[in-house]
>>> print(open('input-v4.pdb').read())   # PDB, C-alpha atoms
MODEL        1
ATOM      1  CA  MET A   1       0.000   0.000   0.000
ATOM      2  CA  LYS A   2       1.161   3.537  -0.762
ATOM      3  CA  LYS A   3       2.074   5.819   2.122
ATOM      4  CA  ARG A   4      -0.848   7.979   3.192
ATOM      5  CA  ILE A   5      -0.414  11.616   2.145
ATOM      6  CA  LEU A   6      -1.199  14.087   4.924
ATOM      7  CA  ILE A   7      -2.295  17.723   4.796
ATOM      8  CA  SER A   8       1.065  18.607   6.344
ATOM      9  CA  ASP A   9       2.822  16.944   3.370
ATOM     10  CA  ILE A  10       0.833  19.106   0.940
ATOM     11  CA  ALA A  11       1.555  22.257   2.941
ATOM     12  CA  LYS A  12       5.295  21.491   3.042
ATOM     13  CA  ALA A  13       5.468  20.715  -0.682
ATOM     14  CA  LEU A  14       3.709  23.966  -1.611
ATOM     15  CA  GLY A  15       5.363  26.127   1.041
ATOM     16  CA  ILE A  16       2.125  27.240   2.689
ATOM     17  CA  SER A  17       0.478  26.672   6.063
ATOM     18  CA  VAL A  18      -1.456  23.561   7.076
ATOM     19  CA  THR A  19      -4.384  25.823   8.010
ATOM     20  CA  THR A  20      -4.539  27.287   4.493
ATOM     21  CA  VAL A  21      -4.589  23.817   2.920
ATOM     22  CA  SER A  22      -7.305  22.733   5.355
ATOM     23  CA  PHE A  23      -9.508  25.735   4.535
ATOM     24  CA  ILE A  24      -9.195  25.056   0.797
ATOM     25  CA  LEU A  25      -9.975  21.343   1.115
ATOM     26  CA  ASN A  26     -13.033  22.132   3.236
ATOM     27  CA  ASP A  27     -14.479  24.618   0.706
ATOM     28  CA  LYS A  28     -13.729  27.647   2.881
ATOM     29  CA  ALA A  29     -11.316  29.412   0.506
ATOM     30  CA  LYS A  30     -13.691  32.269  -0.361
ATOM     31  CA  GLU A  31     -14.825  32.648   3.242
ATOM     32  CA  LYS A  32     -11.194  32.956   4.366
ATOM     33  CA  ARG A  33     -10.296  35.226   1.400
ATOM     34  CA  ILE A  34      -7.771  32.826  -0.103
ATOM     35  CA  SER A  35      -6.954  33.739  -3.699
ATOM     36  CA  GLU A  36      -8.325  31.719  -6.616
ATOM     37  CA  ALA A  37      -4.785  31.197  -7.897
ATOM     38  CA  LEU A  38      -3.620  29.607  -4.645
ATOM     39  CA  THR A  39      -6.814  27.579  -4.362
ATOM     40  CA  LYS A  40      -6.286  26.189  -7.871
ATOM     41  CA  ARG A  41      -2.640  25.455  -7.120
ATOM     42  CA  VAL A  42      -3.570  23.427  -4.029
ATOM     43  CA  LEU A  43      -6.418  21.544  -5.705
ATOM     44  CA  ASP A  44      -4.272  20.700  -8.743
ATOM     45  CA  TYR A  45      -1.542  19.360  -6.478
ATOM     46  CA  VAL A  46      -4.047  17.344  -4.435
ATOM     47  CA  LYS A  47      -5.348  15.757  -7.624
ATOM     48  CA  LYS A  48      -1.822  15.066  -8.871
ATOM     49  CA  VAL A  49      -0.679  13.248  -5.725
ATOM     50  CA  GLY A  50      -4.002  11.474  -5.147
ATOM     51  CA  TYR A  51      -4.663  12.844  -1.675
ATOM     52  CA  LYS A  52      -7.541  11.188   0.208
ATOM     53  CA  PRO A  53      -8.978  12.842   3.322
ATOM     54  CA  ASN A  54      -8.790  10.990   6.625
ATOM     55  CA  GLU A  55     -12.385   9.775   6.914
ATOM     56  CA  LEU A  56     -12.094   9.019  10.635
ATOM     57  CA  ALA A  57     -10.898  12.538  11.412
ATOM     58  CA  LYS A  58     -13.564  13.981   9.138
ATOM     59  CA  SER A  59     -16.308  11.948  10.841
ATOM     60  CA  LEU A  60     -15.154  13.138  14.262
ATOM     61  CA  ARG A  61     -15.299  16.722  13.031
ATOM     62  CA  THR A  62     -18.670  16.513  11.244
ATOM     63  CA  GLY A  63     -20.393  13.813  13.286
ATOM     64  CA  LYS A  64     -21.053  11.909  10.026
ATOM     65  CA  THR A  65     -19.322   8.714   8.923
ATOM     66  CA  LYS A  66     -20.864   8.511   5.416
ATOM     67  CA  ILE A  67     -21.541   4.847   6.211
ATOM     68  CA  LEU A  68     -25.002   3.222   6.147
ATOM     69  CA  GLY A  69     -26.141  -0.037   7.721
ATOM     70  CA  LEU A  70     -28.228  -2.491   5.694
ATOM     71  CA  ILE A  71     -29.716  -5.330   7.742
ATOM     72  CA  ILE A  72     -31.613  -7.906   5.691
ATOM     73  CA  GLU A  73     -33.155 -11.314   6.213
ATOM     74  CA  ASP A  74     -30.924 -13.463   4.003
ATOM     75  CA  ILE A  75     -28.272 -12.213   1.582
ATOM     76  CA  SER A  76     -28.297 -15.595  -0.205
ATOM     77  CA  ASN A  77     -31.940 -15.108  -1.225
ATOM     78  CA  PRO A  78     -31.992 -13.546  -4.732
ATOM     79  CA  PHE A  79     -34.610 -10.982  -3.702
ATOM     80  CA  PHE A  80     -32.543  -9.613  -0.824
ATOM     81  CA  GLY A  81     -29.238 -10.126  -2.631
ATOM     82  CA  ASN A  82     -30.360  -8.079  -5.625
ATOM     83  CA  ILE A  83     -31.773  -5.351  -3.375
ATOM     84  CA  ALA A  84     -28.427  -5.168  -1.515
ATOM     85  CA  ARG A  85     -26.452  -4.964  -4.775
ATOM     86  CA  LEU A  86     -28.580  -2.128  -6.138
ATOM     87  CA  ILE A  87     -28.501  -0.207  -2.861
ATOM     88  CA  GLU A  88     -24.723  -0.546  -2.621
ATOM     89  CA  SER A  89     -24.292   0.799  -6.158
ATOM     90  CA  LYS A  90     -26.672   3.694  -5.564
ATOM     91  CA  VAL A  91     -25.174   4.869  -2.254
ATOM     92  CA  TYR A  92     -21.642   4.625  -3.677
ATOM     93  CA  GLU A  93     -22.637   7.168  -6.327
ATOM     94  CA  GLN A  94     -23.762   9.485  -3.524
ATOM     95  CA  GLY A  95     -20.453   9.265  -1.667
ATOM     96  CA  TYR A  96     -21.599   6.771   0.963
ATOM     97  CA  ARG A  97     -20.411   3.286   1.823
ATOM     98  CA  ILE A  98     -22.618   0.502   3.112
ATOM     99  CA  ILE A  99     -22.181  -2.392   5.514
ATOM    100  CA  TYR A 100     -24.694  -5.185   5.231
ATOM    101  CA  CYS A 101     -25.436  -8.468   6.930
ATOM    102  CA  SER A 102     -28.140 -11.126   7.308
ATOM    103  CA  THR A 103     -30.279 -11.864  10.371
ATOM    104  CA  ASN A 104     -31.920 -15.103   9.170
ATOM    105  CA  ASN A 105     -34.999 -13.845  11.048
ATOM    106  CA  ASP A 106     -33.177 -14.247  14.364
ATOM    107  CA  VAL A 107     -34.315 -11.276  16.476
ATOM    108  CA  GLU A 108     -31.445 -11.532  18.969
ATOM    109  CA  LYS A 109     -28.907 -11.570  16.160
ATOM    110  CA  ALA A 110     -30.658  -8.575  14.601
ATOM    111  CA  LYS A 111     -30.467  -6.629  17.872
ATOM    112  CA  GLU A 112     -26.744  -7.403  18.211
ATOM    113  CA  LEU A 113     -26.036  -6.285  14.646
ATOM    114  CA  ILE A 114     -27.979  -3.056  15.047
ATOM    115  CA  GLN A 115     -26.090  -2.303  18.269
ATOM    116  CA  MET A 116     -22.773  -3.015  16.527
ATOM    117  CA  PHE A 117     -23.630  -0.643  13.659
ATOM    118  CA  TYR A 118     -24.891   1.967  16.123
ATOM    119  CA  ASP A 119     -21.626   1.763  18.101
ATOM    120  CA  ARG A 120     -19.755   2.345  14.839
ATOM    121  CA  GLN A 121     -21.857   5.458  14.306
ATOM    122  CA  VAL A 122     -23.433   4.620  10.967
ATOM    123  CA  ASP A 123     -25.455   7.559   9.680
ATOM    124  CA  GLY A 124     -28.649   5.610   8.979
ATOM    125  CA  PHE A 125     -30.252   2.191   8.656
ATOM    126  CA  ILE A 126     -32.230   0.204   6.098
ATOM    127  CA  ILE A 127     -33.772  -2.819   7.821
ATOM    128  CA  THR A 128     -35.977  -5.802   7.035
ATOM    129  CA  PRO A 129     -37.183  -6.244  10.613
ATOM    130  CA  SER A 130     -37.626  -9.579  12.360
ATOM    131  CA  ASP A 131     -40.572 -10.184  14.686
ATOM    132  CA  GLY A 132     -39.780  -8.630  18.063
ATOM    133  CA  LEU A 133     -37.568  -5.821  16.749
ATOM    134  CA  GLU A 134     -40.102  -3.027  17.202
ATOM    135  CA  ASP A 135     -38.624  -1.589  20.421
ATOM    136  CA  THR A 136     -35.104  -1.570  18.949
ATOM    137  CA  VAL A 137     -36.273   0.373  15.885
ATOM    138  CA  LYS A 138     -38.127   2.785  18.174
ATOM    139  CA  GLN A 139     -34.922   3.364  20.166
ATOM    140  CA  LEU A 140     -33.055   4.246  16.965
ATOM    141  CA  GLN A 141     -35.744   6.788  16.115
ATOM    142  CA  GLN A 142     -35.552   8.284  19.601
ATOM    143  CA  SER A 143     -31.787   8.648  19.074
ATOM    144  CA  ASN A 144     -32.528  10.591  15.844
ATOM    145  CA  ILE A 145     -30.974   7.888  13.657
ATOM    146  CA  PRO A 146     -32.825   7.696  10.311
ATOM    147  CA  VAL A 147     -34.389   4.265   9.700
ATOM    148  CA  VAL A 148     -36.194   3.001   6.612
ATOM    149  CA  LEU A 149     -37.908  -0.396   6.809
ATOM    150  CA  PHE A 150     -38.566  -2.571   3.803
ATOM    151  CA  ASP A 151     -40.369  -5.796   2.889
ATOM    152  CA  ARG A 152     -42.285  -5.633   6.176
ATOM    153  CA  TYR A 153     -43.154  -3.052   8.833
ATOM    154  CA  PHE A 154     -44.668  -2.643  12.302
ATOM    155  CA  PRO A 155     -48.315  -1.470  12.137
ATOM    156  CA  GLY A 156     -48.055   0.276  15.518
ATOM    157  CA  LEU A 157     -44.845   2.177  14.724
ATOM    158  CA  GLU A 158     -44.653   5.259  12.508
ATOM    159  CA  THR A 159     -41.617   4.669  10.265
ATOM    160  CA  ASP A 160     -40.459   5.261   6.726
ATOM    161  CA  TYR A 161     -41.221   2.137   4.693
ATOM    162  CA  VAL A 162     -40.816   0.783   1.169
ATOM    163  CA  GLY A 163     -42.342  -2.489   0.013
ATOM    164  CA  ALA A 164     -44.421  -4.315  -2.549
ATOM    165  CA  ASP A 165     -48.198  -4.566  -2.711
ATOM    166  CA  ASN A 166     -48.266  -8.035  -1.192
ATOM    167  CA  PHE A 167     -52.050  -8.246  -0.926
ATOM    168  CA  GLN A 168     -52.641  -7.422  -4.593
ATOM    169  CA  GLY A 169     -49.791  -9.661  -5.734
ATOM    170  CA  ALA A 170     -51.254 -12.695  -3.938
ATOM    171  CA  PHE A 171     -54.787 -11.766  -5.008
ATOM    172  CA  ASP A 172     -53.783 -11.575  -8.682
ATOM    173  CA  ALA A 173     -51.860 -14.862  -8.484
ATOM    174  CA  THR A 174     -54.759 -16.723  -6.874
ATOM    175  CA  SER A 175     -57.275 -15.170  -9.282
ATOM    176  CA  HIS A 176     -55.116 -16.349 -12.182
ATOM    177  CA  LEU A 177     -55.218 -19.932 -10.871
ATOM    178  CA  CYS A 178     -59.003 -19.713 -10.541
ATOM    179  CA  GLN A 179     -59.290 -18.416 -14.105
ATOM    180  CA  GLN A 180     -57.205 -21.360 -15.285
ATOM    181  CA  ALA A 181     -59.953 -23.681 -13.936
ATOM    182  CA  TYR A 182     -58.130 -24.940 -10.841
ATOM    183  CA  LYS A 183     -60.513 -25.826  -8.028
ATOM    184  CA  ARG A 184     -58.406 -27.015  -5.108
ATOM    185  CA  ILE A 185     -55.898 -24.224  -4.642
ATOM    186  CA  GLY A 186     -53.624 -24.278  -1.622
ATOM    187  CA  PHE A 187     -51.557 -21.548   0.007
ATOM    188  CA  VAL A 188     -48.231 -22.195   1.758
ATOM    189  CA  SER A 189     -46.892 -19.649   4.218
ATOM    190  CA  LEU A 190     -44.936 -19.356   7.474
ATOM    191  CA  TYR A 191     -45.879 -19.198  11.130
ATOM    192  CA  SER A 192     -45.121 -15.497  11.312
ATOM    193  CA  ASP A 193     -46.661 -12.179  12.326
ATOM    194  CA  GLN A 194     -44.687 -10.342   9.650
ATOM    195  CA  THR A 195     -46.897  -7.955   7.700
ATOM    196  CA  GLN A 196     -45.908  -9.168   4.252
ATOM    197  CA  MET A 197     -46.948 -12.743   5.137
ATOM    198  CA  LYS A 198     -50.281 -11.589   6.541
ATOM    199  CA  GLU A 199     -50.994  -9.469   3.463
ATOM    200  CA  ARG A 200     -50.195 -12.333   1.085
ATOM    201  CA  SER A 201     -52.489 -14.617   3.058
ATOM    202  CA  GLU A 202     -55.256 -12.012   2.970
ATOM    203  CA  GLY A 203     -54.855 -11.606  -0.796
ATOM    204  CA  TYR A 204     -55.170 -15.363  -1.293
ATOM    205  CA  LEU A 205     -58.260 -15.606   0.929
ATOM    206  CA  LYS A 206     -59.969 -12.661  -0.767
ATOM    207  CA  ALA A 207     -59.483 -14.176  -4.229
ATOM    208  CA  MET A 208     -60.734 -17.575  -3.049
ATOM    209  CA  ASP A 209     -63.781 -15.923  -1.470
ATOM    210  CA  ASN A 210     -64.498 -13.928  -4.650
ATOM    211  CA  ASN A 211     -64.409 -17.152  -6.650
ATOM    212  CA  LYS A 212     -66.448 -19.063  -4.029
ATOM    213  CA  GLN A 213     -63.753 -21.677  -3.569
ATOM    214  CA  GLN A 214     -62.637 -23.583  -0.486
ATOM    215  CA  SER A 215     -59.323 -22.420   0.931
ATOM    216  CA  PHE A 216     -56.453 -24.704   1.971
ATOM    217  CA  ILE A 217     -53.655 -23.170   4.042
ATOM    218  CA  GLN A 218     -50.437 -24.726   5.306
ATOM    219  CA  LYS A 219     -47.959 -22.906   7.550
ATOM    220  CA  VAL A 220     -44.367 -23.998   7.955
ATOM    221  CA  GLN A 221     -42.253 -23.245  11.019
ATOM    222  CA  MET A 222     -39.661 -20.563  10.255
ATOM    223  CA  ASP A 223     -36.902 -22.689  11.788
ATOM    224  CA  ALA A 224     -38.039 -25.948  10.194
ATOM    225  CA  SER A 225     -35.339 -28.135   8.673
ATOM    226  CA  ASP A 226     -35.422 -29.025   4.981
ATOM    227  CA  ASP A 227     -36.717 -32.490   5.752
ATOM    228  CA  GLU A 228     -39.437 -31.175   8.058
ATOM    229  CA  ALA A 229     -40.574 -28.630   5.490
ATOM    230  CA  MET A 230     -40.614 -31.194   2.676
ATOM    231  CA  GLU A 231     -42.623 -33.739   4.665
ATOM    232  CA  SER A 232     -45.099 -31.066   5.725
ATOM    233  CA  LEU A 233     -45.600 -29.916   2.133
ATOM    234  CA  LYS A 234     -45.947 -33.465   0.806
ATOM    235  CA  ASP A 235     -48.710 -34.199   3.313
ATOM    236  CA  PHE A 236     -50.468 -30.907   2.611
ATOM    237  CA  ILE A 237     -50.477 -31.277  -1.180
ATOM    238  CA  CYS A 238     -51.236 -34.972  -1.389
ATOM    239  CA  GLU A 239     -53.763 -35.364   1.429
ATOM    240  CA  ASN A 240     -55.812 -32.393   0.202
ATOM    241  CA  ARG A 241     -55.537 -33.512  -3.448
ATOM    242  CA  LEU A 242     -54.544 -29.998  -4.468
ATOM    243  CA  ASP A 243     -54.417 -29.121  -8.138
ATOM    244  CA  ALA A 244     -52.623 -25.780  -7.601
ATOM    245  CA  VAL A 245     -50.500 -24.095  -4.922
ATOM    246  CA  LEU A 246     -49.408 -20.520  -4.233
ATOM    247  CA  PHE A 247     -46.169 -20.389  -2.227
ATOM    248  CA  SER A 248     -45.672 -17.194  -0.207
ATOM    249  CA  THR A 249     -41.873 -17.203  -0.718
ATOM    250  CA  ASN A 250     -39.482 -18.525  -3.342
ATOM    251  CA  TYR A 251     -37.664 -20.748  -0.821
ATOM    252  CA  LEU A 252     -40.937 -22.406   0.231
ATOM    253  CA  ALA A 253     -41.625 -23.062  -3.458
ATOM    254  CA  ILE A 254     -38.185 -24.672  -3.762
ATOM    255  CA  SER A 255     -38.967 -26.842  -0.720
ATOM    256  CA  GLY A 256     -42.167 -27.913  -2.485
ATOM    257  CA  LEU A 257     -40.232 -28.885  -5.613
ATOM    258  CA  LYS A 258     -37.734 -30.836  -3.502
ATOM    259  CA  ALA A 259     -40.600 -32.627  -1.764
ATOM    260  CA  SER A 260     -42.103 -33.591  -5.123
ATOM    261  CA  LYS A 261     -38.817 -35.171  -6.170
ATOM    262  CA  LYS A 262     -38.054 -36.853  -2.834
ATOM    263  CA  TYR A 263     -41.516 -38.348  -2.329
ATOM    264  CA  ASN A 264     -42.213 -38.947  -6.018
ATOM    265  CA  PHE A 265     -45.502 -37.100  -6.424
ATOM    266  CA  ALA A 266     -46.532 -34.794  -9.245
ATOM    267  CA  MET A 267     -46.281 -31.125  -8.302
ATOM    268  CA  PRO A 268     -49.593 -29.408  -9.104
ATOM    269  CA  ALA A 269     -49.804 -26.071 -10.888
ATOM    270  CA  MET A 270     -47.789 -23.611  -8.855
ATOM    271  CA  ILE A 271     -46.903 -19.961  -8.364
ATOM    272  CA  ALA A 272     -44.065 -18.608  -6.208
ATOM    273  CA  PHE A 273     -43.984 -15.193  -4.592
ATOM    274  CA  ASP A 274     -40.587 -13.759  -5.665
ATOM    275  CA  ASP A 275     -38.645 -14.964  -8.655
ATOM    276  CA  HIS A 276     -35.553 -17.176  -8.555
ATOM    277  CA  THR A 277     -32.967 -18.018 -11.207
ATOM    278  CA  VAL A 278     -33.959 -21.692 -11.309
ATOM    279  CA  PHE A 279     -37.657 -20.962 -11.920
ATOM    280  CA  LYS A 280     -37.087 -20.042 -15.565
ATOM    281  CA  LEU A 281     -34.826 -23.057 -16.127
ATOM    282  CA  LEU A 282     -37.141 -25.745 -14.789
ATOM    283  CA  GLU A 283     -39.572 -27.703 -16.925
ATOM    284  CA  PRO A 284     -42.227 -26.522 -16.667
ATOM    285  CA  SER A 285     -40.963 -23.013 -15.914
ATOM    286  CA  ILE A 286     -42.524 -21.528 -12.793
ATOM    287  CA  THR A 287     -45.031 -18.673 -12.752
ATOM    288  CA  VAL A 288     -44.036 -16.019 -10.197
ATOM    289  CA  VAL A 289     -45.200 -12.866  -8.478
ATOM    290  CA  SER A 290     -42.233 -10.588  -9.135
ATOM    291  CA  GLN A 291     -41.497  -7.683  -6.808
ATOM    292  CA  PRO A 292     -40.171  -4.418  -8.351
ATOM    293  CA  ILE A 293     -36.625  -4.803  -7.032
ATOM    294  CA  LYS A 294     -35.087  -1.809  -8.811
ATOM    295  CA  GLU A 295     -37.858   0.555  -7.739
ATOM    296  CA  ILE A 296     -37.725  -0.703  -4.145
ATOM    297  CA  ALA A 297     -33.962  -0.114  -3.951
ATOM    298  CA  GLU A 298     -34.193   3.361  -5.500
ATOM    299  CA  ASN A 299     -36.961   4.470  -3.148
ATOM    300  CA  LEU A 300     -35.164   3.096  -0.092
ATOM    301  CA  ILE A 301     -32.043   5.096  -0.854
ATOM    302  CA  ASN A 302     -33.897   8.249  -1.920
ATOM    303  CA  ILE A 303     -35.918   8.338   1.287
ATOM    304  CA  LEU A 304     -32.911   7.629   3.515
ATOM    305  CA  LEU A 305     -30.737  10.279   1.828
ATOM    306  CA  LEU A 306     -33.511  12.874   2.011
ATOM    307  CA  ARG A 307     -33.940  12.020   5.680
ATOM    308  CA  LEU A 308     -30.177  12.370   6.292
ATOM    309  CA  GLN A 309     -30.197  15.730   4.530
ATOM    310  CA  GLY A 310     -33.135  16.926   6.634
ATOM    311  CA  LYS A 311     -35.247  17.515   3.517
ATOM    312  CA  ILE A 312     -38.308  15.533   4.679
ATOM    313  CA  LYS A 313     -40.209  15.569   7.930
ATOM    314  CA  ALA A 314     -43.382  13.565   7.323
ATOM    315  CA  THR A 315     -43.209   9.765   7.280
ATOM    316  CA  ARG A 316     -42.861   8.262   3.789
ATOM    317  CA  LYS A 317     -44.599   4.963   2.989
ATOM    318  CA  MET A 318     -44.165   3.528  -0.512
ATOM    319  CA  VAL A 319     -46.194   0.506  -1.649
ATOM    320  CA  LEU A 320     -45.187  -0.581  -5.157
ATOM    321  CA  PRO A 321     -47.080  -2.901  -7.538
ATOM    322  CA  CYS A 322     -45.918  -6.458  -8.254
ATOM    323  CA  GLU A 323     -45.942  -8.170 -11.648
ATOM    324  CA  LEU A 324     -47.443 -11.599 -12.280
ATOM    325  CA  LYS A 325     -45.061 -13.349 -14.692
ATOM    326  CA  ILE A 326     -47.043 -16.174 -16.228
ATOM    327  CA  ARG A 327     -45.033 -19.218 -17.283
ATOM    328  CA  GLU A 328     -45.673 -22.875 -18.028
ATOM    329  CA  SER A 329     -46.505 -24.048 -14.491
ATOM    330  CA  THR A 330     -49.990 -22.502 -14.609
ATOM    331  CA  LYS A 331     -51.328 -23.655 -17.944
ATOM    332  CA  ALA A 332     -55.107 -23.905 -18.061
ATOM    333  CA  LYS A 333     -56.364 -27.076 -16.428
ATOM    334  CA  VAL A 334     -57.712 -29.633 -18.864
ATOM    335  CA  THR A 335     -61.199 -30.740 -17.710
ATOM    336  CA  LEU A 336     -62.915 -33.834 -19.032
TER     337      LEU A 336
ENDMDL
END
>>> encode(input="input-v4.pdb", output="structure tokens")
Amino acid sequence: MKKRILISDIAKALGISVTTVSFILNDKAKEKRISEALTKRVLDYVKKVGYKPNELAKSLRTGKTKILGLIIEDISNPFFGNIARLIESKVYEQGYRIIYCSTNNDVEKAKELIQMFYDRQVDGFIITPSDGLEDTVKQLQQSNIPVVLFDRYFPGLETDYVGADNFQGAFDATSHLCQQAYKRIGFVSLYSDQTQMKERSEGYLKAMDNNKQQSFIQKVQMDASDDEAMESLKDFICENRLDAVLFSTNYLAISGLKASKKYNFAMPAMIAFDDHTVFKLLEPSITVVSQPIKEIAENLINILLLRLQGKIKATRKMVLPCELKIRESTKAKVTL
């Protein structure tokens, strides 16, 4: 690594005071009546030698680290992974850096990570909150740390939020299955109080009610092993003789496909909430409810940056439409 260049090195090389260099680098040249010629000379030299300011010293002076904390459910999940990638790219353009990590829906782990980021004085947070994290988020707000939630929120807590229209996405998916002449349509979700899961369940139930069809719901424990999830899904699909299933997450849909292979039963027509790379490669390809990942990431960053800049006061809540991507797994049912 190259030796770090200090302000004192610049001052010595140019034969001027450290204070003068500091004023110029901190955009105070006009205020301190430093000539344009000297200002240009310093800035040209800084560019030539590749001087980088000491971010730690700068953060101590300004109270800002230019670092953001991103706490998500699972970085290995394509939905969260793509969101993280887009956010990282966007904040980099704005002069910020981001630290991100996964909680795997473990509330204690989430609390520890938030405390760690707080101790490192990150300027703001973007969080997909686990159940039980409401008080921790409230404490951040009380400490005047900007927080934007996404994917799910706390109904009793006034926070900035960006997410998809989960109710309408599940409603449209279920309605599509009904229109394709399926009669025994199941819904697979999690034992969870998270808002996005509740909204997807409500969308499914509303569509089933509108079409005067019996509902079939299976919930899987959030900490269930692969084998437990597969056995549960096999029993649910086979015992209820389902001809179609809406999975509330892409990883539950993958568990369903694994169960079909392991227990050798034909997977009925299916739709997964959230796309996955493998869904387009399988035969038949899998119909999905696709969340607007790019728009979610852009709105998360825009709201957080505006909040950091003090340009907004009122709470911002953004609910963005999903897209039903129809593929081969939901072809119209052939009735005899």
>>> closest_atom_pairs(input="input-v4.pdb", of="segment 263-328 of chain A", to="segment 177-180 of chain A", cutoff="9 Å", atoms="all atoms listed in the file", output="Markdown table")
| residue | atom | partner | partner_atom | distance |
| --- | --- | --- | --- | --- |
| A:Ala269 | CA | A:Leu177 | CA | 8.2 |
| A:Met270 | CA | A:Leu177 | CA | 8.5 |
| A:Ile271 | CA | A:Leu177 | CA | 8.7 |
>>> resolve_selection(input="input-v4.pdb", expression="the PyMOL selection byres ((chain A and resi 78) around 10)", output="list in words")
Asp74, Ile75, Ser76, Asn77, Phe79, Phe80, Gly81, Asn82, Ile83, Ala84, Asn250, Tyr251, Asp274, Asp275, His276 and Thr277 of chain A
>>> write_last_selection(input="input-v4.pdb", atoms="C-alpha atoms", output="PDB file, in the frame of the given file")
ATOM      1  CA  ASP A  74     -30.924 -13.463   4.003  1.00  0.00           C
ATOM      2  CA  ILE A  75     -28.272 -12.213   1.582  1.00  0.00           C
ATOM      3  CA  SER A  76     -28.297 -15.595  -0.205  1.00  0.00           C
ATOM      4  CA  ASN A  77     -31.940 -15.108  -1.225  1.00  0.00           C
ATOM      5  CA  PHE A  79     -34.610 -10.982  -3.702  1.00  0.00           C
ATOM      6  CA  PHE A  80     -32.543  -9.613  -0.824  1.00  0.00           C
ATOM      7  CA  GLY A  81     -29.238 -10.126  -2.631  1.00  0.00           C
ATOM      8  CA  ASN A  82     -30.360  -8.079  -5.625  1.00  0.00           C
ATOM      9  CA  ILE A  83     -31.773  -5.351  -3.375  1.00  0.00           C
ATOM     10  CA  ALA A  84     -28.427  -5.168  -1.515  1.00  0.00           C
ATOM     11  CA  ASN A 250     -39.482 -18.525  -3.342  1.00  0.00           C
ATOM     12  CA  TYR A 251     -37.664 -20.748  -0.821  1.00  0.00           C
ATOM     13  CA  ASP A 274     -40.587 -13.759  -5.665  1.00  0.00           C
ATOM     14  CA  ASP A 275     -38.645 -14.964  -8.655  1.00  0.00           C
ATOM     15  CA  HIS A 276     -35.553 -17.176  -8.555  1.00  0.00           C
ATOM     16  CA  THR A 277     -32.967 -18.018 -11.207  1.00  0.00           C
TER      17      THR A 277
END
>>> atom_distance(input="input-v4.pdb", atom1="atom CA of Glu112 of chain A", atom2="atom CA of Ile87 of chain A")
22.3 Å
>>> resolve_selection(input="input-v4.pdb", expression="the PyMOL selection byres ((chain A and resi 303) around 12)", output="ChimeraX atom specification")
/A:91,124-126,146-150,159-162,296-302,304-318
>>> resolve_selection(input="input-v4.pdb", expression="the PyMOL selection byres ((chain A and resi 324) around 10)", output="list in words")
Gly169, Ala170, Asp172, Ala173, His176, Ile271, Ala272, Phe273, Asp274, Thr287, Val288, Val289, Ser290, Gln291, Pro321, Cys322, Glu323, Lys325, Ile326 and Arg327 of chain A
>>> atom_distance(input="input-v4.pdb", atom1="atom CA of Asn211 of chain A", atom2="atom CA of Met197 of chain A")
21.5 Å
>>> atom_distance(input="input-v4.pdb", atom1="atom CA of Thr128 of chain A", atom2="atom CA of Thr103 of chain A")
9.0 Å
>>> closest_residue(input="input-v4.pdb", among="A:Ala110, A:Ala13, A:Ile254, A:Ala229", to="Val137 of chain A", atoms="all atoms listed in the file")
A:Ala110
>>> closest_residue(input="input-v4.pdb", among="A:Lys206, A:Met222, A:Gln121, A:Ser189", to="Asn104 of chain A", atoms="only C-alpha atoms")
A:Met222
